[in-house]
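A short write-up of the structure that comes next.
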Amino acid sequence: MITHVLDSMNEVITNNYDQDHQAIDIVPKDKSEPNIIALDGGTVETVINNVKSTNHKSRGLATYGNYVQIKQNNGKTALYAHMKHNTIKVKEGQTISKGDIIGTIGETGNAYGKHLHLEIKNQNNVKENPLIELNKKTQNTSKTNTQKSTKTNIKNNVKSTQTKQSDYLNAPNYHHGSIVDGLKSIGINSSYSYRKKLAENNGIINYKGSYNQNIKMLNLLKNGKLKKV
Ligand SMILES: [Zn+2]
């Protein structure tokens, strides 16, 4: 994860994106109660801040508990759910910047344990895997981002010459779970549009950046079998 969404910067994903859960759930690595920070700048569309407790019988929007919805400057919509009662720091209509504190992690609504349920809708109002946003390198180098992306750039420069001669991309030294980071580790464009081209070129049809599609692509990459575009 390159873009942080907790001010503790120790995010762990406990529930991935799939058709039944079109969002990701995130907790801090320790038992702390961090603040949730904005993935990107934008305008606050919705603030619900009056839900006092967990309710496993809630339905519809009430399942989110206290939540904030932000229309991001990139046209996408981000929804941050289950926040602690009365901790939300933003107001409807307010313009915010990337990294601004939204509220504190909690378990209001239909939540099991304190976590952030993060949903992203793309420009066409279709839910997409939030990892696309979380793994995106942005030009806006907020304090939380600068350090990590500098490190990545250095790594890229070192490794980018290794694979040039082949028709396949290969990242045998990458041992983690992110196709985006895997591509970055060998200095390859990891943007969504480029991954879509890679997917098409490797028989992964109708690429939407889903967890399963990304894992498929990652396995090809780790095995040196990801055909170049
Ligand atoms: Zn969730």
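Chains: A, B, ... in order of the structure tokens. Residues: from 1 per chain. Ligands: from 1, in order shown.
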| query | Please, which residues of stretch 5-163 of chain A, numbered as in this document, come out strand (DSSP E or B) from DSSP, as a ChimeraX atom specification? | reply | /A:6,11-15,18,21,24-28,35-37,42-48,54,66-72,77-83,95-96,101-104,106,109,115-121,127-128
Could you turn the residues from that selection into a file that holds C-alpha atoms, as a PDB file, in the first residue's frame?
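The new file again-v4.pdb reads:
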ATOM      1  CA  LEU A   6      -4.788   5.506   8.488  1.00  0.00           C
ATOM      2  CA  GLU A  11      -2.656  -0.679   7.492  1.00  0.00           C
ATOM      3  CA  VAL A  12      -3.523  -4.359   7.289  1.00  0.00           C
ATOM      4  CA  ILE A  13      -6.245  -5.588   4.950  1.00  0.00           C
ATOM      5  CA  THR A  14      -8.525  -8.072   6.694  1.00  0.00           C
ATOM      6  CA  ASN A  15     -11.160  -8.498   4.014  1.00  0.00           C
ATOM      7  CA  ASP A  18     -14.809  -9.478  -4.283  1.00  0.00           C
ATOM      8  CA  HIS A  21     -17.833  -7.484  -0.583  1.00  0.00           C
ATOM      9  CA  ILE A  24     -11.884  -3.586   1.493  1.00  0.00           C
ATOM     10  CA  ASP A  25     -11.655  -3.736   5.263  1.00  0.00           C
ATOM     11  CA  ILE A  26      -8.609  -2.246   6.910  1.00  0.00           C
ATOM     12  CA  VAL A  27      -7.311  -2.347  10.483  1.00  0.00           C
ATOM     13  CA  PRO A  28      -4.151  -0.944  12.083  1.00  0.00           C
ATOM     14  CA  ASN A  35      -7.601   8.376  12.524  1.00  0.00           C
ATOM     15  CA  ILE A  36      -8.752   7.768   9.004  1.00  0.00           C
ATOM     16  CA  ILE A  37      -7.163  10.146   6.507  1.00  0.00           C
ATOM     17  CA  GLY A  42     -12.194  16.365  -2.933  1.00  0.00           C
ATOM     18  CA  THR A  43     -15.544  17.557  -1.672  1.00  0.00           C
ATOM     19  CA  VAL A  44     -17.404  16.019   1.234  1.00  0.00           C
ATOM     20  CA  GLU A  45     -20.810  14.817   0.027  1.00  0.00           C
ATOM     21  CA  THR A  46     -22.242  12.963   3.018  1.00  0.00           C
ATOM     22  CA  VAL A  47     -21.505  12.906   6.743  1.00  0.00           C
ATOM     23  CA  ILE A  48     -23.309  10.618   9.183  1.00  0.00           C
ATOM     24  CA  THR A  54     -22.707  -1.485  16.599  1.00  0.00           C
ATOM     25  CA  ASN A  66     -20.974   6.669  10.974  1.00  0.00           C
ATOM     26  CA  TYR A  67     -19.603   7.312   7.530  1.00  0.00           C
ATOM     27  CA  VAL A  68     -18.267   9.955   5.204  1.00  0.00           C
ATOM     28  CA  GLN A  69     -18.580  10.026   1.452  1.00  0.00           C
ATOM     29  CA  ILE A  70     -16.159  12.161  -0.549  1.00  0.00           C
ATOM     30  CA  LYS A  71     -16.295  13.061  -4.218  1.00  0.00           C
ATOM     31  CA  GLN A  72     -12.619  12.998  -5.076  1.00  0.00           C
ATOM     32  CA  THR A  77     -16.161   8.574  -4.877  1.00  0.00           C
ATOM     33  CA  ALA A  78     -14.711   7.262  -1.623  1.00  0.00           C
ATOM     34  CA  LEU A  79     -16.836   6.032   1.264  1.00  0.00           C
ATOM     35  CA  TYR A  80     -15.285   5.543   4.706  1.00  0.00           C
ATOM     36  CA  ALA A  81     -17.516   3.541   7.058  1.00  0.00           C
ATOM     37  CA  HIS A  82     -17.949   2.350  10.690  1.00  0.00           C
ATOM     38  CA  MET A  83     -16.282   5.390  12.283  1.00  0.00           C
ATOM     39  CA  THR A  95     -13.313  20.863   0.377  1.00  0.00           C
ATOM     40  CA  ILE A  96     -10.580  18.675   1.773  1.00  0.00           C
ATOM     41  CA  ILE A 101      -8.182  13.636   9.020  1.00  0.00           C
ATOM     42  CA  ILE A 102     -11.741  12.431   8.429  1.00  0.00           C
ATOM     43  CA  GLY A 103     -12.521  10.736  11.737  1.00  0.00           C
ATOM     44  CA  THR A 104     -11.487   7.879  14.014  1.00  0.00           C
ATOM     45  CA  GLY A 106     -14.613   2.476  14.939  1.00  0.00           C
ATOM     46  CA  GLY A 109     -23.184  -0.061  12.116  1.00  0.00           C
ATOM     47  CA  HIS A 115     -12.123  -1.465  11.175  1.00  0.00           C
ATOM     48  CA  LEU A 116     -12.408   0.835   8.215  1.00  0.00           C
ATOM     49  CA  HIS A 117     -14.704  -0.367   5.456  1.00  0.00           C
ATOM     50  CA  LEU A 118     -13.553   1.501   2.363  1.00  0.00           C
ATOM     51  CA  GLU A 119     -15.566   1.630  -0.828  1.00  0.00           C
ATOM     52  CA  ILE A 120     -14.547   3.348  -4.056  1.00  0.00           C
ATOM     53  CA  LYS A 121     -16.786   4.073  -6.999  1.00  0.00           C
ATOM     54  CA  LYS A 127     -17.628   0.056  -7.413  1.00  0.00           C
ATOM     55  CA  GLU A 128     -14.003  -0.866  -7.993  1.00  0.00           C
TER      56      GLU A 128
END
| field | Expected answer as a ChimeraX atom specification: helix (DSSP H, G or I) residues in stretch 10-108 of chain A | value | /A:60-64
Residues as selected, N, CA, C and O atoms, written as a short mmCIF file (atom, residue, chain, number, x, y, z; two decimals), in the first residue's frame, can you do that?
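Writing done, so here's part-v2.cif:
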data_model
loop_
_atom_site.label_atom_id
_atom_site.label_comp_id
_atom_site.auth_asym_id
_atom_site.auth_seq_id
_atom_site.Cartn_x
_atom_site.Cartn_y
_atom_site.Cartn_z
N GLY A 60 -29.24 -1.66 4.84
CA GLY A 60 -29.01 -0.52 3.94
C GLY A 60 -27.88 0.37 4.42
O GLY A 60 -26.86 -0.11 4.92
N LEU A 61 -28.07 1.67 4.28
CA LEU A 61 -27.01 2.62 4.63
C LEU A 61 -26.65 2.55 6.11
O LEU A 61 -25.53 2.88 6.49
N ALA A 62 -27.60 2.11 6.94
CA ALA A 62 -27.34 2.03 8.39
C ALA A 62 -26.22 1.04 8.70
O ALA A 62 -25.59 1.12 9.76
N THR A 63 -25.95 0.10 7.76
CA THR A 63 -24.87 -0.86 8.01
C THR A 63 -23.52 -0.16 8.09
O THR A 63 -22.59 -0.66 8.69
N TYR A 64 -23.42 1.01 7.46
CA TYR A 64 -22.15 1.75 7.47
C TYR A 64 -21.87 2.42 8.81
O TYR A 64 -20.76 2.86 9.05
#
| Residue nearest A:Tyr168 among A:Tyr112, A:Lys216, A:Ala23, A:Leu221 (counting only C-alpha atoms) | A:Leu221
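Those residues that approach A:Gly177 to within 10 Å, counting only C-alpha atoms, are Gly182, Asn214, Ile215, Leu218 and Asn219 of chain A; same-chain residues fewer than 5 positions away are not listed.
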May I have the selected residues written with N, CA, C and O atoms, as a PDB file, in the first residue's frame?
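Contents of selection23.pdb, as written:
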ATOM      1  N   GLY A 182       4.533  -5.363  -7.468  1.00  0.00           N
ATOM      2  CA  GLY A 182       5.356  -6.313  -8.217  1.00  0.00           C
ATOM      3  C   GLY A 182       5.884  -5.677  -9.487  1.00  0.00           C
ATOM      4  O   GLY A 182       7.070  -5.791  -9.818  1.00  0.00           O
ATOM      5  N   ASN A 214      -5.988  -9.772 -10.374  1.00  0.00           N
ATOM      6  CA  ASN A 214      -4.670  -9.274  -9.993  1.00  0.00           C
ATOM      7  C   ASN A 214      -3.756 -10.404  -9.538  1.00  0.00           C
ATOM      8  O   ASN A 214      -2.567 -10.408  -9.831  1.00  0.00           O
ATOM      9  N   ILE A 215      -4.327 -11.353  -8.806  1.00  0.00           N
ATOM     10  CA  ILE A 215      -3.521 -12.497  -8.334  1.00  0.00           C
ATOM     11  C   ILE A 215      -3.040 -13.326  -9.521  1.00  0.00           C
ATOM     12  O   ILE A 215      -1.890 -13.756  -9.579  1.00  0.00           O
ATOM     13  N   LEU A 218      -0.281 -11.497 -11.087  1.00  0.00           N
ATOM     14  CA  LEU A 218       0.891 -11.517 -10.201  1.00  0.00           C
ATOM     15  C   LEU A 218       1.623 -12.856 -10.306  1.00  0.00           C
ATOM     16  O   LEU A 218       2.851 -12.904 -10.348  1.00  0.00           O
ATOM     17  N   ASN A 219       0.855 -13.960 -10.346  1.00  0.00           N
ATOM     18  CA  ASN A 219       1.498 -15.277 -10.438  1.00  0.00           C
ATOM     19  C   ASN A 219       2.265 -15.423 -11.739  1.00  0.00           C
ATOM     20  O   ASN A 219       3.369 -15.979 -11.759  1.00  0.00           O
TER      21      ASN A 219
END
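The shortest atom-to-atom distance to ligand 1, with only C-alpha atoms and all ligand atoms taken into account, belongs to A:Ala111 out of A:Ala111, A:Met9, A:Ile179, A:Val90.
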| message | Would you compute the distance between atom CA of A:Arg59 and atom CA of A:Asn86? Give it in Å to one decimal. | response | 21.0 Å
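Minimum atom-to-atom distance to A:Gln213, evaluated using only C-alpha atoms, belongs to A:Leu198 out of A:Ile186, A:Leu198, A:Leu169, A:Val126.
Closest to A:Asn110 among A:Ser53, A:Gln19, A:Ser178, A:Asn223 is A:Ser53, based on only C-alpha atoms.
Take atom CA of A:Val5 and atom CA of A:Ile105: the distance between them is 10.5 Å.
Coordinates place atom CA of A:Gly41 at a distance of 19.3 Å from atom CA of A:Ser191.
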| remark: Among A:Lys184, A:His85, A:Lys31, A:Lys57, A:Lys136 is approached most closely, using only C-alpha atoms, by A:Lys184
| said: For a quick check of understanding, using only C-alpha atoms and all ligand atoms, which of A:Lys91, A:His176, A:Lys114, A:Lys84 has the smallest distance to ligand 1? | reply: A:Lys114
